[in-house]
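K.L.:
This is the content of coords22.cif (mmCIF, C-alpha atoms):
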```cif
data_work
#
loop_
_atom_site.label_atom_id
_atom_site.label_comp_id
_atom_site.auth_asym_id
_atom_site.auth_seq_id
_atom_site.Cartn_x
_atom_site.Cartn_y
_atom_site.Cartn_z
CA MET A 1 -5.84 -28.89 6.01
CA ARG A 2 -8.48 -31.61 6.56
CA LEU A 3 -11.46 -30.00 4.90
CA PRO A 4 -9.65 -28.48 1.92
CA LEU A 5 -8.34 -31.98 1.14
CA LEU A 6 -11.85 -33.41 1.42
CA ALA A 7 -13.07 -30.66 -0.89
CA LEU A 8 -10.44 -31.53 -3.48
CA LEU A 9 -11.45 -35.19 -3.29
CA ALA A 10 -15.10 -34.29 -3.91
CA ARG A 11 -14.18 -33.94 -7.59
CA GLY A 12 -12.87 -37.47 -7.81
CA PRO A 13 -10.22 -39.87 -6.49
CA ALA A 14 -6.62 -38.64 -6.28
CA HIS A 15 -3.34 -39.50 -4.62
CA GLY A 16 -1.42 -37.35 -2.16
CA TYR A 17 0.98 -35.73 -4.55
CA GLU A 18 -1.80 -34.81 -6.97
CA LEU A 19 -3.64 -33.08 -4.14
CA LYS A 20 -0.57 -31.04 -3.29
CA GLN A 21 -0.24 -29.97 -6.91
CA ASP A 22 -3.93 -29.09 -7.18
CA LEU A 23 -3.66 -26.91 -4.10
CA GLU A 24 -0.57 -25.15 -5.40
CA GLN A 25 -2.16 -24.47 -8.72
CA LEU A 26 -5.33 -23.13 -7.16
CA LEU A 27 -3.82 -20.87 -4.53
CA GLY A 28 -0.69 -19.74 -6.32
CA SER A 29 2.69 -18.91 -4.89
CA ALA A 30 1.25 -16.54 -2.26
CA TYR A 31 -0.10 -19.31 -0.10
CA PRO A 32 2.49 -21.02 2.10
CA GLN A 33 2.47 -24.49 0.62
CA PRO A 34 1.97 -27.46 2.90
CA ASN A 35 4.69 -30.03 2.51
CA VAL A 36 3.76 -33.34 1.04
CA GLY A 37 4.45 -35.12 4.32
CA GLN A 38 1.83 -32.99 6.04
CA ILE A 39 -0.64 -33.97 3.34
CA TYR A 40 0.06 -37.69 3.77
CA VAL A 41 -0.36 -37.43 7.54
CA THR A 42 -3.68 -35.62 7.14
CA LEU A 43 -4.88 -38.18 4.59
CA GLY A 44 -4.00 -40.94 7.07
CA ARG A 45 -6.08 -39.27 9.76
CA LEU A 46 -9.01 -38.72 7.41
CA GLU A 47 -8.91 -42.39 6.48
CA LYS A 48 -8.85 -43.45 10.11
CA SER A 49 -11.93 -41.37 10.85
CA GLY A 50 -13.70 -42.93 7.90
CA LEU A 51 -14.07 -39.79 5.81
CA ILE A 52 -11.98 -41.14 2.95
CA GLU A 53 -10.84 -44.55 1.76
CA GLY A 54 -7.53 -45.37 0.18
CA GLU A 55 -6.85 -48.00 -2.40
CA ALA A 56 -3.32 -49.15 -3.12
CA ILE A 57 -2.45 -49.12 -6.80
CA GLU A 58 0.44 -51.26 -7.88
CA GLN A 59 3.16 -49.57 -9.87
CA SER A 60 5.71 -51.63 -11.75
CA SER A 61 8.89 -49.73 -11.06
CA ARG A 62 7.95 -47.77 -7.93
CA PRO A 63 6.34 -48.45 -4.58
CA ASN A 64 2.56 -48.67 -4.55
CA LYS A 65 0.65 -45.42 -4.47
CA LYS A 66 -2.55 -44.92 -2.62
CA VAL A 67 -5.50 -43.34 -4.38
CA TYR A 68 -8.09 -41.87 -2.06
CA HIS A 69 -11.79 -41.30 -2.55
CA LEU A 70 -14.45 -39.63 -0.46
CA THR A 71 -16.78 -41.82 1.60
CA ASP A 72 -20.44 -40.94 2.27
CA ALA A 73 -19.39 -39.74 5.73
CA GLY A 74 -16.74 -37.58 4.11
CA ARG A 75 -19.25 -36.05 1.73
CA GLU A 76 -21.53 -35.35 4.69
CA ALA A 77 -18.69 -33.70 6.65
CA LEU A 78 -18.03 -31.50 3.64
CA ARG A 79 -21.71 -30.59 3.38
CA VAL A 80 -21.71 -29.56 7.05
CA TRP A 81 -18.57 -27.52 6.44
CA TYR A 82 -20.28 -25.59 3.67
CA GLU A 83 -23.39 -25.07 5.79
CA GLU A 84 -21.44 -23.36 8.57
CA THR A 85 -20.28 -19.79 8.36
CA ALA A 86 -16.66 -19.15 9.24
CA ASP A 87 -15.52 -17.39 12.43
CA GLU A 88 -14.76 -13.69 12.39
CA PRO A 89 -11.11 -12.69 12.50
CA ARG A 90 -10.02 -11.72 15.98
CA VAL A 91 -8.57 -8.47 17.22
CA ARG A 92 -4.83 -8.79 17.80
CA ASP A 93 -5.43 -9.64 21.40
CA GLU A 94 -1.84 -10.06 22.49
CA PHE A 95 -0.92 -6.61 21.34
CA PHE A 96 -4.08 -5.22 22.90
CA MET A 97 -3.20 -6.74 26.26
CA LYS A 98 0.26 -5.22 26.11
CA LEU A 99 -1.22 -1.85 25.31
CA ALA A 100 -3.93 -1.97 27.93
CA LEU A 101 -1.56 -3.10 30.67
CA ALA A 102 1.40 -0.87 29.78
CA PRO A 103 0.62 1.98 32.21
CA LYS A 104 0.32 -0.46 35.10
CA THR A 105 3.71 -2.00 34.48
CA GLY A 106 5.70 1.15 33.94
CA LEU A 107 7.80 -0.94 31.56
CA ALA A 108 6.64 0.32 28.20
CA ASP A 109 5.56 3.51 26.54
CA ARG A 110 2.29 3.03 24.72
CA ILE A 111 3.07 5.30 21.78
CA ALA A 112 6.36 3.45 21.30
CA LEU A 113 4.45 0.15 21.40
CA ILE A 114 2.06 1.36 18.73
CA ASN A 115 4.88 2.68 16.56
CA ARG A 116 6.75 -0.58 16.74
CA GLN A 117 3.68 -2.62 15.92
CA ARG A 118 2.86 -0.31 13.03
CA ARG A 119 6.35 -0.75 11.59
CA GLN A 120 5.89 -4.49 11.60
CA TYR A 121 2.48 -4.30 9.90
CA LEU A 122 3.81 -1.88 7.30
CA ASN A 123 6.71 -4.15 6.51
CA THR A 124 4.35 -7.08 6.12
CA MET A 125 2.09 -4.95 3.95
CA ARG A 126 5.09 -4.17 1.76
CA GLN A 127 5.92 -7.85 1.41
CA LEU A 128 2.33 -8.54 0.43
CA SER A 129 2.47 -5.83 -2.24
CA LYS A 130 5.61 -7.44 -3.59
CA LEU A 131 3.96 -10.85 -3.58
CA ALA A 132 1.00 -9.44 -5.46
CA ALA A 133 3.28 -7.83 -8.02
CA ALA A 134 5.17 -11.09 -8.52
CA GLU A 135 2.11 -13.36 -8.71
CA ASP A 136 0.70 -14.48 -12.04
CA ARG A 137 -1.88 -11.87 -13.05
CA ASP A 138 -4.33 -14.51 -14.19
CA ASN A 139 -4.47 -16.33 -10.90
CA ARG A 140 -7.50 -14.51 -9.54
CA VAL A 141 -7.85 -16.75 -6.48
CA SER A 142 -4.31 -16.04 -5.40
CA HIS A 143 -4.78 -12.30 -5.87
CA LEU A 144 -7.96 -12.37 -3.82
CA LEU A 145 -6.09 -14.14 -1.04
CA ILE A 146 -3.34 -11.51 -0.99
CA GLU A 147 -5.86 -8.70 -1.18
CA GLY A 148 -7.79 -10.19 1.72
CA ALA A 149 -4.62 -10.31 3.82
CA MET A 150 -3.88 -6.70 2.89
CA LEU A 151 -7.35 -5.51 3.81
CA HIS A 152 -7.14 -7.22 7.20
CA LEU A 153 -3.78 -5.62 7.81
CA GLN A 154 -5.20 -2.29 6.73
CA ALA A 155 -7.93 -2.66 9.34
CA ASP A 156 -5.31 -3.45 12.00
CA LEU A 157 -3.38 -0.35 10.96
CA ASP A 158 -6.53 1.79 11.11
CA TRP A 159 -7.18 0.46 14.57
CA LEU A 160 -3.62 1.30 15.70
CA GLU A 161 -4.29 4.78 14.40
CA ARG A 162 -7.43 4.99 16.53
CA CYS A 163 -5.50 3.83 19.60
CA GLN A 164 -2.91 6.50 18.97
CA GLU A 165 -5.48 9.25 18.44
CA GLU A 166 -7.15 8.31 21.69
CA LEU A 167 -3.89 8.34 23.63
CA GLU A 168 -2.85 11.69 22.20
CA GLU A 169 -6.18 13.17 23.18
CA LEU A 170 -5.66 11.95 26.73
CA GLU A 171 -2.22 13.55 26.79
CA GLU A 172 -3.68 16.87 25.66
CA LEU A 173 -6.22 16.82 28.48
CA ARG A 174 -3.60 16.12 31.07
CA MET B 1 23.19 9.41 5.21
CA SER B 2 25.84 9.71 2.55
CA GLU B 3 26.87 13.23 1.61
CA SER B 4 26.91 12.41 -2.06
CA VAL B 5 23.12 11.92 -2.03
CA ALA B 6 21.43 15.17 -2.92
CA GLU B 7 18.91 16.63 -0.53
CA VAL B 8 15.87 17.35 -2.64
CA LEU B 9 13.78 18.80 0.15
CA ARG B 10 14.38 20.04 3.66
CA ALA B 11 11.92 21.54 6.11
CA GLU B 12 12.69 22.92 9.54
CA GLY B 13 10.22 23.95 12.19
CA LEU B 14 7.24 24.25 9.83
CA VAL B 15 4.10 25.57 11.52
CA LYS B 16 0.70 26.30 10.02
CA THR B 17 -2.46 27.27 11.85
CA HIS B 18 -5.78 27.68 10.07
CA HIS B 19 -7.93 30.53 11.33
CA GLY B 20 -11.45 29.81 10.28
CA GLU B 21 -14.68 29.96 12.20
CA GLY B 22 -14.34 28.71 15.73
CA ALA B 23 -11.08 27.79 17.42
CA PRO B 24 -7.85 28.04 15.41
CA ALA B 25 -6.82 24.67 13.96
CA HIS B 26 -3.18 23.75 14.47
CA ALA B 27 -2.68 21.80 11.28
CA VAL B 28 1.13 21.59 11.30
CA ARG B 29 2.94 22.02 14.60
CA GLY B 30 6.66 22.05 14.09
CA VAL B 31 7.78 19.66 11.37
CA ASP B 32 11.36 18.84 10.45
CA LEU B 33 11.83 16.71 7.38
CA ARG B 34 14.55 15.76 4.91
CA VAL B 35 14.00 13.95 1.66
CA THR B 36 16.97 12.86 -0.42
CA GLY B 37 17.13 12.12 -4.12
CA GLY B 38 15.52 8.85 -5.16
CA GLU B 39 13.56 8.37 -1.94
CA PHE B 40 9.92 7.32 -1.93
CA VAL B 41 8.35 8.66 1.25
CA ALA B 42 4.76 8.19 2.34
CA ILE B 43 3.07 10.33 4.98
CA THR B 44 0.12 8.58 6.59
CA GLY B 45 -2.26 9.48 9.33
CA PRO B 46 -5.94 9.94 10.11
CA SER B 47 -7.96 12.54 8.24
CA GLY B 48 -7.61 15.90 9.87
CA ALA B 49 -4.06 15.16 11.07
CA GLY B 50 -2.74 17.96 8.88
CA LYS B 51 -0.92 15.84 6.33
CA SER B 52 -2.45 17.57 3.29
CA THR B 53 -1.61 20.96 4.79
CA LEU B 54 1.97 19.76 5.17
CA LEU B 55 2.08 18.72 1.51
CA HIS B 56 0.67 22.10 0.51
CA LEU B 57 3.42 23.82 2.48
CA LEU B 58 6.06 21.64 0.82
CA GLY B 59 4.71 22.48 -2.63
CA GLY B 60 4.39 26.20 -1.94
CA LEU B 61 0.61 26.08 -2.31
CA GLN B 62 0.37 27.55 1.19
CA ARG B 63 2.91 29.52 3.22
CA PRO B 64 4.00 28.44 6.69
CA ASP B 65 3.44 30.72 9.70
CA ALA B 66 6.91 29.76 10.87
CA GLY B 67 9.79 27.61 9.74
CA SER B 68 11.83 27.29 6.59
CA LEU B 69 11.91 25.19 3.49
CA TRP B 70 14.76 24.34 1.13
CA LEU B 71 14.46 22.92 -2.40
CA ASP B 72 17.66 21.33 -3.72
CA GLY B 73 19.50 23.15 -0.95
CA GLU B 74 18.03 26.53 -1.87
CA ARG B 75 16.07 28.39 0.77
CA THR B 76 12.59 29.29 -0.45
CA ASP B 77 11.49 31.71 2.28
CA GLY B 78 11.66 34.76 0.03
CA TYR B 79 9.90 33.14 -2.94
CA SER B 80 7.03 35.13 -4.44
CA GLU B 81 3.80 33.56 -5.67
CA ALA B 82 5.10 33.80 -9.25
CA ARG B 83 8.37 32.13 -8.31
CA TRP B 84 6.51 29.24 -6.69
CA ALA B 85 4.42 28.85 -9.83
CA VAL B 86 7.65 28.44 -11.78
CA GLU B 87 9.02 25.93 -9.28
CA ARG B 88 5.85 23.90 -9.55
CA ARG B 89 6.41 23.66 -13.27
CA LYS B 90 10.07 22.79 -13.16
CA ARG B 91 11.14 21.35 -9.85
CA ILE B 92 7.95 19.98 -8.31
CA GLY B 93 5.20 17.98 -9.95
CA ILE B 94 1.96 17.58 -8.01
CA VAL B 95 -0.97 15.19 -8.32
CA PHE B 96 -4.15 15.70 -6.34
CA GLN B 97 -7.02 13.54 -5.15
CA PHE B 98 -9.47 15.08 -7.62
CA PHE B 99 -7.02 15.25 -10.55
CA ASN B 100 -7.52 19.04 -11.10
CA LEU B 101 -7.31 18.71 -14.87
CA VAL B 102 -8.40 21.65 -17.01
CA SER B 103 -11.84 20.43 -18.05
CA ASP B 104 -12.10 22.27 -21.36
CA LEU B 105 -8.70 21.21 -22.63
CA SER B 106 -8.04 17.88 -24.30
CA VAL B 107 -5.89 15.24 -22.61
CA ALA B 108 -2.99 16.13 -24.93
CA ASP B 109 -3.25 19.84 -24.15
CA ASN B 110 -3.50 19.23 -20.41
CA VAL B 111 -0.20 17.37 -20.52
CA GLU B 112 1.58 19.70 -22.95
CA LEU B 113 0.55 22.94 -21.28
CA PRO B 114 3.03 22.87 -18.38
CA ALA B 115 5.84 22.06 -20.81
CA LEU B 116 4.91 24.97 -23.08
CA LEU B 117 4.58 27.30 -20.09
CA ALA B 118 8.05 26.22 -19.00
CA GLY B 119 9.39 27.36 -22.36
CA VAL B 120 9.82 23.95 -23.98
CA ALA B 121 9.61 24.02 -27.79
CA PRO B 122 6.19 22.83 -29.05
CA ARG B 123 7.66 19.90 -30.94
CA LYS B 124 9.53 18.73 -27.88
CA ALA B 125 6.53 19.21 -25.62
CA ARG B 126 4.53 17.06 -27.97
CA ALA B 127 7.16 14.34 -28.04
CA GLY B 128 7.31 14.36 -24.24
CA ARG B 129 3.54 14.13 -24.03
CA GLU B 130 3.37 11.25 -26.51
CA GLU B 131 6.00 9.33 -24.63
CA LEU B 132 4.32 9.73 -21.26
CA LEU B 133 0.81 8.94 -22.47
CA THR B 134 2.09 5.77 -24.11
CA GLU B 135 3.94 4.85 -20.97
CA LEU B 136 0.78 5.36 -18.92
CA GLY B 137 -1.37 3.31 -21.28
CA LEU B 138 -3.36 6.28 -22.59
CA GLU B 139 -2.66 5.98 -26.32
CA GLY B 140 -5.68 6.93 -28.33
CA LYS B 141 -7.03 9.17 -25.57
CA GLU B 142 -5.15 12.30 -26.67
CA ARG B 143 -8.21 14.01 -28.08
CA SER B 144 -10.56 13.00 -25.29
CA MET B 145 -11.75 15.57 -22.81
CA PRO B 146 -11.07 14.82 -19.13
CA GLY B 147 -14.80 14.39 -18.43
CA GLU B 148 -14.95 11.49 -20.89
CA LEU B 149 -12.38 9.47 -18.97
CA SER B 150 -12.69 7.23 -15.92
CA GLY B 151 -11.24 8.40 -12.62
CA GLY B 152 -8.25 6.12 -13.00
CA GLU B 153 -7.54 7.44 -16.49
CA GLN B 154 -7.87 11.04 -15.34
CA GLN B 155 -5.36 10.39 -12.58
CA ARG B 156 -2.95 8.93 -15.10
CA VAL B 157 -3.31 12.08 -17.22
CA ALA B 158 -2.62 14.14 -14.09
CA LEU B 159 0.47 12.04 -13.44
CA ALA B 160 1.67 12.65 -17.01
CA ARG B 161 1.08 16.36 -16.55
CA ALA B 162 3.02 16.36 -13.27
CA LEU B 163 5.98 14.55 -14.80
CA VAL B 164 6.18 16.14 -18.26
CA ASN B 165 8.91 18.59 -17.17
CA HIS B 166 10.88 15.88 -15.36
CA PRO B 167 10.68 17.53 -11.93
CA PRO B 168 13.16 16.20 -9.36
CA LEU B 169 10.32 15.91 -6.84
CA LEU B 170 6.82 14.47 -7.24
CA LEU B 171 4.25 15.32 -4.57
CA ALA B 172 1.08 13.23 -4.48
CA ASP B 173 -1.84 14.18 -2.26
CA GLU B 174 -4.20 11.20 -1.77
CA PRO B 175 -3.75 10.23 -5.43
CA ALA B 176 -6.02 7.21 -5.04
CA GLY B 177 -8.49 8.91 -2.70
CA SER B 178 -11.27 9.04 -5.26
CA LEU B 179 -10.47 5.83 -7.14
CA ASP B 180 -11.84 2.30 -6.86
CA SER B 181 -9.55 -0.55 -5.86
CA LYS B 182 -8.50 -1.23 -9.44
CA GLY B 183 -7.56 2.41 -9.92
CA THR B 184 -5.71 2.35 -6.60
CA ARG B 185 -3.61 -0.64 -7.65
CA GLU B 186 -2.86 1.09 -10.93
CA VAL B 187 -1.66 4.28 -9.22
CA MET B 188 0.42 2.18 -6.84
CA ARG B 189 2.02 0.29 -9.70
CA LEU B 190 2.84 3.47 -11.61
CA LEU B 191 4.31 5.32 -8.63
CA SER B 192 6.50 2.29 -7.92
CA ARG B 193 7.60 2.15 -11.51
CA PHE B 194 8.62 5.83 -11.65
CA HIS B 195 10.35 5.43 -8.31
CA ARG B 196 12.40 2.49 -9.60
CA ARG B 197 13.65 4.80 -12.32
CA GLY B 198 14.90 7.23 -9.73
CA GLN B 199 11.94 9.59 -9.29
CA THR B 200 11.82 11.13 -5.81
CA ILE B 201 8.27 10.88 -4.50
CA LEU B 202 6.49 12.23 -1.46
CA LEU B 203 3.05 10.72 -1.08
CA VAL B 204 0.32 11.70 1.36
CA THR B 205 -2.26 8.98 1.95
CA HIS B 206 -4.49 7.48 4.60
CA ASP B 207 -4.34 4.17 2.71
CA ALA B 208 -1.74 1.84 4.23
CA ARG B 209 -1.70 -0.33 1.12
CA LEU B 210 -0.60 2.63 -0.96
CA ALA B 211 1.86 3.75 1.72
CA SER B 212 3.51 0.34 1.72
CA ALA B 213 4.74 0.98 -1.82
CA ALA B 214 7.08 3.60 -0.31
CA ASP B 215 10.37 2.72 1.32
CA ARG B 216 9.94 5.17 4.15
CA VAL B 217 6.70 5.80 6.01
CA ILE B 218 6.08 8.82 8.23
CA SER B 219 3.15 8.61 10.63
CA PHE B 220 1.57 11.97 11.10
CA PHE B 221 -0.65 12.72 14.07
CA ASP B 222 -2.14 15.94 15.17
CA GLY B 223 0.23 18.13 13.18
CA ARG B 224 3.39 16.31 14.19
CA ILE B 225 5.57 13.44 13.04
CA ALA B 226 4.89 10.56 15.41
CA ASP B 227 7.14 8.03 13.70
CA ASP B 228 9.49 7.91 10.74
CA ALA B 229 10.26 4.37 9.64
CA GLU B 230 12.29 2.83 6.84
CA LEU B 231 10.53 -0.22 5.48
CA ASP B 232 13.09 -2.87 4.80
CA GLY B 233 10.73 -5.39 3.33
CA GLY B 234 13.11 -8.04 4.63
CA THR B 235 12.14 -11.46 5.82
CA PRO B 236 9.47 -11.44 8.51
CA PRO B 237 10.00 -13.07 11.86
CA ARG B 238 8.96 -16.69 11.97
CA ARG B 239 5.31 -17.49 12.57
CA ALA B 240 4.35 -13.91 11.82
CA GLY B 241 4.50 -11.57 8.89
CA THR B 242 3.29 -12.62 5.49
CA SER B 243 3.07 -16.35 5.93
CA GLY B 244 1.13 -15.81 9.16
CA VAL B 245 -1.45 -13.53 7.61
CA LEU B 246 -1.83 -15.67 4.52
CA GLU B 247 -2.24 -18.97 6.24
CA LEU B 248 -5.68 -20.45 5.80
CA ARG B 249 -6.65 -22.35 8.86
CA ASP B 250 -8.84 -25.35 8.99
#
```
Let's see the structure in the file written out as structure tokens.
P.N.:
Amino acid sequence: MRLPLLALLARGPAHGYELKQDLEQLLGSAYPQPNVGQIYVTLGRLEKSGLIEGEAIEQSSRPNKKVYHLTDAGREALRVWYEETADEPRVRDEFFMKLALAPKTGLADRIALINRQRRQYLNTMRQLSKLAAAEDRDNRVSHLLIEGAMLHLQADLDWLERCQEELEELEELR
Amino acid sequence: MSESVAEVLRAEGLVKTHHGEGAPAHAVRGVDLRVTGGEFVAITGPSGAGKSTLLHLLGGLQRPDAGSLWLDGERTDGYSEARWAVERRKRIGIVFQFFNLVSDLSVADNVELPALLAGVAPRKARAGREELLTELGLEGKERSMPGELSGGEQQRVALARALVNHPPLLLADEPAGSLDSKGTREVMRLLSRFHRRGQTILLVTHDARLASAADRVISFFDGRIADDAELDGGTPPRRAGTSGVLELRD
């Protein structure tokens, strides 16, 4: 949450609730929205580490609100963020460990493990399709997010398929 | 399974071996399958698993070496080639990966032809064609030749052709296999829409995104059904499922 908030503040000062709304508008309903409390906590931490500064604005009928702006250090942190490439997604290592160790334990059948995992992925894929169908057509960013999740899941499903092919080949040889 | 739900398709012990050059290929090795009215079933699996052969057996495009097949409860074992051709006009619509439209007929004629062959009056065939082309967003393309259309448009024409006689069963063999991602989404949307209206669909695809539009997914490996799963699309377990895969981490 830290860097996306910094990125939103690069456009100009804003208060916590505005940032939440900006994020919601940008990412659409597909993205699990952070609650506003989480945003305030993160803003507090960013302020403590000197990346942003808050200024209390007096409001007549309500408690003061705090408007934050990026500091030079914050802008620098953001620049570094954009310089770095992001990490690759990781293979589902917990499932892989289960699969690799199954014959040693005698507790699980590997084909059954694969089938169960596939069912879960397929159900998630179905929910993503539904999300995509329900999302505003014009929110391209949101659609790209959903499509990205679907493509990752597709790769996981392809990999399950490879695992299964390999196991079936082994069975044939036996 | 409720008895009041009609069984559109049943297969028992289907076997098909291809004898080409080299070793015989066991494409389908004993498949039992039931599809009831209104179901949307996807068959997925790696290429070469035999899933297209299975679809061909189910549509009477190839004959099994062993096993039996029922359409609407009627055993098809004795069907002649001509009888199957009739069934494929009336009871089974099929769409293929490469559309298989008649290249020297216009879009309108491609869609009307199966209706006319099935003995539908020309005026009615035309009305049916107009309705479907409108539905599929192909108004104004009636006079185009298939070669003038994009892949996605050609597949929509093929879908109209497959559905013009209102067959109880639609078979689709990799319908998005030669389309880009936009065309794929379009096919997915249309299949879902026809399904919501009660169309029974059996889809063969290696694309999990397309398969997830179905409410039942059969995993096919090496000529056999490895898993047969109803997708409930219910709420995912906490910390996993959709919200897990969508979460952007810092």
K.L.:
Find, counting all atoms listed in the file, the residue in A:Ala10, A:Ala133, A:Ile57, A:Leu170 that gets nearest to chain B.
P.N.:
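Answer, going by the shortest atom-to-atom distance: A:Ala133.
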K.L.:
Could you list, as a PyMOL selection string, every residue within 6 Å of segment 14-31 of chain A, counting only C-alpha atoms and ignoring same-chain residues fewer than 6 positions away?
P.N.:
chain A and resi 66-68+142
K.L.:
Could you tell me how far atom CA of Leu9 of chain B sits from atom CA of Val35 of chain B, in Å to one decimal place?
P.N.:
5.1 Å
K.L.:
Could you state the separation of atom CA of Asn100 of chain B and atom CA of Thr200 of chain B in Å, given to one decimal place?
P.N.:
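Computing the Euclidean distance for atom CA of Asn100 of chain B and atom CA of Thr200 of chain B yields 21.6 Å.
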K.L.:
Using atom CA of Gly48 of chain B and atom CA of Glu165 of chain A as the two end points, give the distance in Å to one decimal.
P.N.:
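It comes out at 11.1 Å.
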K.L.:
For the provided coordinates, the residues matched by the PyMOL selection byres ((chain A) within 8 of (chain B)) should be stated as a count of residues only.
P.N.:
27
